[in-house]
>>> print(open('final01.cif').read())   # mmCIF, N, CA and C atoms
data_data
#
loop_
_atom_site.label_atom_id
_atom_site.label_comp_id
_atom_site.auth_asym_id
_atom_site.auth_seq_id
_atom_site.Cartn_x
_atom_site.Cartn_y
_atom_site.Cartn_z
N MET A 368 -13.39 1.64 -0.08
CA MET A 368 -13.40 2.96 0.52
C MET A 368 -14.84 3.41 0.67
N SER A 369 -15.21 3.84 1.88
CA SER A 369 -16.57 4.34 2.11
C SER A 369 -16.49 5.81 2.52
N VAL A 370 -17.49 6.59 2.11
CA VAL A 370 -17.47 8.02 2.38
C VAL A 370 -18.78 8.44 3.03
N ARG A 371 -18.70 9.18 4.13
CA ARG A 371 -19.84 9.82 4.76
C ARG A 371 -19.47 11.28 4.95
N VAL A 372 -20.44 12.10 5.24
CA VAL A 372 -20.17 13.53 5.41
C VAL A 372 -19.14 13.72 6.52
N GLY A 373 -18.01 14.32 6.16
CA GLY A 373 -16.98 14.61 7.14
C GLY A 373 -16.12 13.42 7.54
N GLU A 374 -16.38 12.25 6.96
CA GLU A 374 -15.62 11.06 7.30
C GLU A 374 -15.20 10.32 6.04
N LEU A 375 -14.02 9.73 6.10
CA LEU A 375 -13.48 8.97 4.98
C LEU A 375 -12.75 7.77 5.55
N THR A 376 -13.01 6.59 5.00
CA THR A 376 -12.30 5.39 5.42
C THR A 376 -11.45 4.88 4.26
N ILE A 377 -10.17 4.70 4.53
CA ILE A 377 -9.23 4.22 3.52
C ILE A 377 -8.73 2.84 3.96
N ASP A 378 -8.97 1.84 3.14
CA ASP A 378 -8.56 0.47 3.45
C ASP A 378 -7.19 0.21 2.83
N LEU A 379 -6.18 0.12 3.68
CA LEU A 379 -4.81 -0.13 3.22
C LEU A 379 -4.33 -1.51 3.65
N ARG A 380 -5.26 -2.40 3.97
CA ARG A 380 -4.87 -3.76 4.33
C ARG A 380 -4.26 -4.45 3.12
N GLY A 381 -3.18 -5.17 3.37
CA GLY A 381 -2.47 -5.86 2.30
C GLY A 381 -1.40 -4.99 1.65
N ILE A 382 -1.25 -3.76 2.11
CA ILE A 382 -0.25 -2.85 1.55
C ILE A 382 0.71 -2.49 2.66
N GLY A 383 1.96 -2.89 2.53
CA GLY A 383 2.95 -2.64 3.57
C GLY A 383 3.65 -1.30 3.40
N CYS A 384 4.50 -1.01 4.36
CA CYS A 384 5.32 0.21 4.30
C CYS A 384 6.49 -0.04 3.34
N PRO A 385 6.98 0.97 2.70
CA PRO A 385 6.61 2.38 2.83
C PRO A 385 5.45 2.81 1.92
N TYR A 386 5.03 1.94 1.02
CA TYR A 386 3.98 2.33 0.07
C TYR A 386 2.66 2.65 0.78
N GLY A 387 2.32 1.89 1.82
CA GLY A 387 1.09 2.14 2.57
C GLY A 387 1.08 3.52 3.20
N SER A 388 2.21 3.92 3.78
CA SER A 388 2.31 5.26 4.38
C SER A 388 2.18 6.35 3.33
N THR A 389 2.79 6.13 2.19
CA THR A 389 2.72 7.11 1.10
C THR A 389 1.28 7.27 0.61
N LEU A 390 0.57 6.17 0.43
CA LEU A 390 -0.83 6.24 0.02
C LEU A 390 -1.68 6.95 1.07
N ALA A 391 -1.43 6.66 2.35
CA ALA A 391 -2.18 7.30 3.43
C ALA A 391 -2.00 8.82 3.38
N ILE A 392 -0.78 9.27 3.22
CA ILE A 392 -0.49 10.70 3.16
C ILE A 392 -1.18 11.34 1.95
N GLN A 393 -1.15 10.66 0.81
CA GLN A 393 -1.80 11.21 -0.39
C GLN A 393 -3.31 11.36 -0.18
N HIS A 394 -3.95 10.35 0.37
CA HIS A 394 -5.39 10.43 0.64
C HIS A 394 -5.70 11.52 1.66
N PHE A 395 -4.87 11.60 2.69
CA PHE A 395 -5.08 12.59 3.74
C PHE A 395 -4.95 14.00 3.19
N ARG A 396 -3.97 14.21 2.35
CA ARG A 396 -3.73 15.53 1.76
C ARG A 396 -4.95 16.02 0.97
N ASP A 397 -5.65 15.10 0.30
CA ASP A 397 -6.79 15.46 -0.54
C ASP A 397 -8.07 15.71 0.25
N ALA A 398 -8.13 15.29 1.50
CA ALA A 398 -9.34 15.45 2.31
C ALA A 398 -9.47 16.89 2.81
N PRO A 399 -10.69 17.38 2.94
CA PRO A 399 -10.88 18.74 3.45
C PRO A 399 -10.59 18.85 4.95
N VAL A 400 -10.16 20.03 5.37
CA VAL A 400 -9.94 20.31 6.79
C VAL A 400 -11.26 20.09 7.54
N GLY A 401 -11.17 19.47 8.70
CA GLY A 401 -12.35 19.16 9.50
C GLY A 401 -12.82 17.72 9.31
N SER A 402 -12.26 17.02 8.34
CA SER A 402 -12.62 15.62 8.09
C SER A 402 -11.91 14.70 9.07
N VAL A 403 -12.56 13.58 9.34
CA VAL A 403 -11.92 12.50 10.07
C VAL A 403 -11.63 11.40 9.05
N ILE A 404 -10.37 11.08 8.91
CA ILE A 404 -9.94 10.05 7.97
C ILE A 404 -9.51 8.83 8.79
N THR A 405 -10.13 7.69 8.49
CA THR A 405 -9.82 6.45 9.19
C THR A 405 -9.08 5.52 8.25
N PHE A 406 -7.93 5.07 8.70
CA PHE A 406 -7.12 4.13 7.93
C PHE A 406 -7.25 2.75 8.54
N LEU A 407 -7.52 1.76 7.70
CA LEU A 407 -7.53 0.36 8.11
C LEU A 407 -6.24 -0.27 7.60
N LEU A 408 -5.46 -0.82 8.50
CA LEU A 408 -4.15 -1.37 8.14
C LEU A 408 -3.97 -2.74 8.76
N ASP A 409 -3.12 -3.56 8.13
CA ASP A 409 -2.75 -4.83 8.75
C ASP A 409 -1.24 -4.94 8.89
N ASP A 410 -0.53 -3.86 8.60
CA ASP A 410 0.92 -3.79 8.74
C ASP A 410 1.24 -2.96 9.99
N GLU A 411 1.76 -3.62 11.02
CA GLU A 411 2.00 -2.92 12.29
C GLU A 411 3.01 -1.78 12.13
N GLU A 412 4.04 -1.99 11.35
CA GLU A 412 5.05 -0.94 11.14
C GLU A 412 4.43 0.31 10.52
N CYS A 413 3.59 0.10 9.54
CA CYS A 413 2.92 1.21 8.87
C CYS A 413 1.99 1.94 9.85
N TYR A 414 1.24 1.18 10.64
CA TYR A 414 0.35 1.74 11.66
C TYR A 414 1.12 2.61 12.65
N LEU A 415 2.22 2.08 13.18
CA LEU A 415 3.01 2.82 14.17
C LEU A 415 3.65 4.06 13.56
N THR A 416 4.11 3.95 12.32
CA THR A 416 4.70 5.09 11.63
C THR A 416 3.69 6.21 11.47
N LEU A 417 2.50 5.88 10.98
CA LEU A 417 1.47 6.90 10.77
C LEU A 417 0.98 7.48 12.09
N LYS A 418 0.88 6.65 13.12
CA LYS A 418 0.43 7.11 14.43
C LYS A 418 1.40 8.16 15.00
N ARG A 419 2.68 8.03 14.72
CA ARG A 419 3.67 9.02 15.16
C ARG A 419 3.76 10.21 14.22
N LEU A 420 3.57 9.97 12.93
CA LEU A 420 3.78 11.01 11.93
C LEU A 420 2.70 12.09 11.95
N PHE A 421 1.43 11.71 12.00
CA PHE A 421 0.36 12.70 11.89
C PHE A 421 0.42 13.79 12.97
N PRO A 422 0.67 13.46 14.24
CA PRO A 422 0.81 14.55 15.22
C PRO A 422 2.00 15.48 14.91
N LEU A 423 3.05 14.94 14.36
CA LEU A 423 4.20 15.77 13.98
C LEU A 423 3.83 16.74 12.85
N LEU A 424 2.82 16.37 12.07
CA LEU A 424 2.34 17.23 10.97
C LEU A 424 1.23 18.17 11.44
N GLY A 425 0.96 18.19 12.74
CA GLY A 425 -0.04 19.10 13.30
C GLY A 425 -1.46 18.58 13.24
N GLN A 426 -1.62 17.28 13.04
CA GLN A 426 -2.95 16.67 12.96
C GLN A 426 -3.25 15.97 14.28
N ARG A 427 -4.51 15.58 14.50
CA ARG A 427 -4.93 15.00 15.77
C ARG A 427 -5.39 13.54 15.60
N VAL A 428 -4.79 12.66 16.35
CA VAL A 428 -5.23 11.26 16.39
C VAL A 428 -6.46 11.21 17.30
N VAL A 429 -7.60 10.77 16.75
CA VAL A 429 -8.82 10.70 17.55
C VAL A 429 -9.17 9.27 17.96
N ARG A 430 -8.57 8.30 17.29
CA ARG A 430 -8.80 6.90 17.65
C ARG A 430 -7.66 6.07 17.10
N ALA A 431 -7.18 5.16 17.92
CA ALA A 431 -6.13 4.23 17.50
C ALA A 431 -6.36 2.92 18.25
N ASP A 432 -6.70 1.88 17.51
CA ASP A 432 -6.92 0.60 18.16
C ASP A 432 -6.62 -0.54 17.21
N THR A 433 -6.65 -1.73 17.76
CA THR A 433 -6.40 -2.93 16.96
C THR A 433 -7.43 -4.00 17.34
N GLN A 434 -7.83 -4.76 16.34
CA GLN A 434 -8.78 -5.86 16.56
C GLN A 434 -8.53 -6.91 15.50
N ASP A 435 -8.28 -8.12 15.94
CA ASP A 435 -8.04 -9.25 15.02
C ASP A 435 -6.99 -8.93 13.97
N LYS A 436 -5.86 -8.36 14.40
CA LYS A 436 -4.72 -8.02 13.53
C LYS A 436 -5.04 -6.96 12.49
N THR A 437 -6.12 -6.22 12.71
CA THR A 437 -6.43 -5.06 11.88
C THR A 437 -6.28 -3.82 12.74
N TYR A 438 -5.49 -2.90 12.26
CA TYR A 438 -5.25 -1.65 12.98
C TYR A 438 -6.15 -0.57 12.39
N ARG A 439 -6.78 0.19 13.29
CA ARG A 439 -7.67 1.29 12.87
C ARG A 439 -7.08 2.57 13.45
N LEU A 440 -6.82 3.54 12.57
CA LEU A 440 -6.25 4.81 12.97
C LEU A 440 -7.09 5.93 12.38
N SER A 441 -7.74 6.70 13.26
CA SER A 441 -8.60 7.82 12.82
C SER A 441 -7.91 9.13 13.14
N ILE A 442 -7.80 9.97 12.14
CA ILE A 442 -7.09 11.24 12.25
C ILE A 442 -8.04 12.38 11.89
N LEU A 443 -8.07 13.41 12.74
CA LEU A 443 -8.82 14.62 12.44
C LEU A 443 -7.88 15.58 11.72
N LYS A 444 -8.28 15.98 10.52
CA LYS A 444 -7.46 16.94 9.77
C LYS A 444 -7.79 18.34 10.28
N VAL A 445 -6.86 18.91 11.04
CA VAL A 445 -7.10 20.21 11.64
C VAL A 445 -6.51 21.36 10.84
N ARG A 446 -5.62 21.05 9.90
CA ARG A 446 -5.05 22.10 9.06
C ARG A 446 -4.44 21.49 7.81
N LEU A 447 -4.19 22.33 6.82
CA LEU A 447 -3.53 21.88 5.59
C LEU A 447 -2.05 21.63 5.86
N PHE A 448 -1.47 20.79 5.05
CA PHE A 448 -0.02 20.62 5.09
C PHE A 448 0.49 20.29 3.71
#
>>> encode(input="final01.cif", output="structure tokens")
Amino acid sequence: MSVRVGELTIDLRGIGCPYGSTLAIQHFRDAPVGSVITFLLDDEECYLTLKRLFPLLGQRVVRADTQDKTYRLSILKVRLF
């Protein structure tokens, strides 16, 4: 896990759903509003679940891509939940 001002990267590679999604939500909940949290995943189901879930929770997806079977999902925390 690496941390920069306003940014947080959470490496969830090797952790499948549903545990990976649960960990992502826990980390996201602890981050301050205005932060961009980037999740690194290698489980496609977990990636797709989180990509659909965060907008439903009122958050903003700012980046979603895949490279070499690694999924990167960056979410802007716009409000508490």
>>> closest_atom_pairs(input="final01.cif", of="region 378-416 of chain A", to="region 444-448 of chain A", cutoff="8 Å", atoms="only N, CA and C atoms", output="CSV")
residue,atom,partner,partner_atom,distance
A:Phe395,C,A:Lys444,CA,7.6
A:Arg396,CA,A:Phe448,N,6.6
A:Ala398,C,A:Lys444,CA,7.2
A:Pro399,C,A:Lys444,C,6.0
A:Val400,CA,A:Lys444,C,4.5
A:Gly401,N,A:Lys444,C,3.9
A:Ser402,C,A:Lys444,N,4.1
A:Val403,N,A:Lys444,N,5.0
A:Ile404,N,A:Lys444,N,5.6
>>> atom_distance(input="final01.cif", atom1="atom N of Leu407 (chain A)", atom2="atom N of Ile377 (chain A)")
5.1 Å
>>> residues_around(input="final01.cif", residues="Asp378 (chain A)", least_positions_apart="4", cutoff="6.5 Å", atoms="only N, CA and C atoms", output="list in words")
Met368, Thr405, Phe406, Leu407 and Leu408 of chain A
>>> atom_distance(input="final01.cif", atom1="CA of Leu390 (chain A)", atom2="atom C of Thr416 (chain A)")
12.3 Å
>>> resolve_selection(input="final01.cif", expression="the PyMOL selection byres (((chain A and resi 424-432 and name CA) around 8) and name CA)", output="ChimeraX atom specification")
/A:418,420-423,433-434,438-446,448
>>> atom_distance(input="final01.cif", atom1="CA of Asp410 (chain A)", atom2="CA of Gly383 (chain A)")
5.7 Å
>>> select_by_dssp(input="final01.cif", residues="region 379-439 of chain A", states="strand (DSSP E or B)", output="PyMOL selection string")
chain A and resi 403-408+427-434+437-439
>>> closest_residue(input="final01.cif", among="A:Glu374, A:Ser388, A:Thr437, A:Gly381", to="Cys413 (chain A)", atoms="only C-alpha atoms")
A:Ser388
>>> decode(input="final01.cif", residues="region 384-397 of chain A", atoms="N, CA and C atoms", output="PDB file, in the first residue's frame")
ATOM      1  N   CYS A 384     -13.401 -12.270  -4.547  1.00  0.00           N
ATOM      2  CA  CYS A 384     -14.684 -11.866  -3.965  1.00  0.00           C
ATOM      3  C   CYS A 384     -15.242 -13.040  -3.160  1.00  0.00           C
ATOM      4  N   PRO A 385     -15.998 -12.781  -2.142  1.00  0.00           N
ATOM      5  CA  PRO A 385     -16.475 -11.478  -1.693  1.00  0.00           C
ATOM      6  C   PRO A 385     -15.521 -10.765  -0.725  1.00  0.00           C
ATOM      7  N   TYR A 386     -14.477 -11.447  -0.273  1.00  0.00           N
ATOM      8  CA  TYR A 386     -13.581 -10.841   0.714  1.00  0.00           C
ATOM      9  C   TYR A 386     -12.872  -9.598   0.155  1.00  0.00           C
ATOM     10  N   GLY A 387     -12.485  -9.637  -1.118  1.00  0.00           N
ATOM     11  CA  GLY A 387     -11.816  -8.491  -1.733  1.00  0.00           C
ATOM     12  C   GLY A 387     -12.709  -7.257  -1.741  1.00  0.00           C
ATOM     13  N   SER A 388     -13.981  -7.435  -2.061  1.00  0.00           N
ATOM     14  CA  SER A 388     -14.930  -6.316  -2.051  1.00  0.00           C
ATOM     15  C   SER A 388     -15.115  -5.757  -0.652  1.00  0.00           C
ATOM     16  N   THR A 389     -15.188  -6.639   0.320  1.00  0.00           N
ATOM     17  CA  THR A 389     -15.353  -6.218   1.715  1.00  0.00           C
ATOM     18  C   THR A 389     -14.148  -5.399   2.175  1.00  0.00           C
ATOM     19  N   LEU A 390     -12.951  -5.859   1.862  1.00  0.00           N
ATOM     20  CA  LEU A 390     -11.740  -5.113   2.215  1.00  0.00           C
ATOM     21  C   LEU A 390     -11.704  -3.754   1.525  1.00  0.00           C
ATOM     22  N   ALA A 391     -12.106  -3.712   0.253  1.00  0.00           N
ATOM     23  CA  ALA A 391     -12.120  -2.451  -0.489  1.00  0.00           C
ATOM     24  C   ALA A 391     -13.052  -1.447   0.187  1.00  0.00           C
ATOM     25  N   ILE A 392     -14.228  -1.880   0.561  1.00  0.00           N
ATOM     26  CA  ILE A 392     -15.199  -0.997   1.214  1.00  0.00           C
ATOM     27  C   ILE A 392     -14.653  -0.504   2.555  1.00  0.00           C
ATOM     28  N   GLN A 393     -14.015  -1.384   3.315  1.00  0.00           N
ATOM     29  CA  GLN A 393     -13.458  -0.980   4.614  1.00  0.00           C
ATOM     30  C   GLN A 393     -12.378   0.088   4.438  1.00  0.00           C
ATOM     31  N   HIS A 394     -11.473  -0.107   3.492  1.00  0.00           N
ATOM     32  CA  HIS A 394     -10.423   0.885   3.239  1.00  0.00           C
ATOM     33  C   HIS A 394     -11.023   2.193   2.748  1.00  0.00           C
ATOM     34  N   PHE A 395     -12.006   2.095   1.872  1.00  0.00           N
ATOM     35  CA  PHE A 395     -12.639   3.287   1.318  1.00  0.00           C
ATOM     36  C   PHE A 395     -13.338   4.087   2.411  1.00  0.00           C
ATOM     37  N   ARG A 396     -14.016   3.402   3.293  1.00  0.00           N
ATOM     38  CA  ARG A 396     -14.745   4.058   4.375  1.00  0.00           C
ATOM     39  C   ARG A 396     -13.805   4.883   5.258  1.00  0.00           C
ATOM     40  N   ASP A 397     -12.582   4.400   5.465  1.00  0.00           N
ATOM     41  CA  ASP A 397     -11.621   5.073   6.341  1.00  0.00           C
ATOM     42  C   ASP A 397     -10.931   6.269   5.682  1.00  0.00           C
TER      43      ASP A 397
END
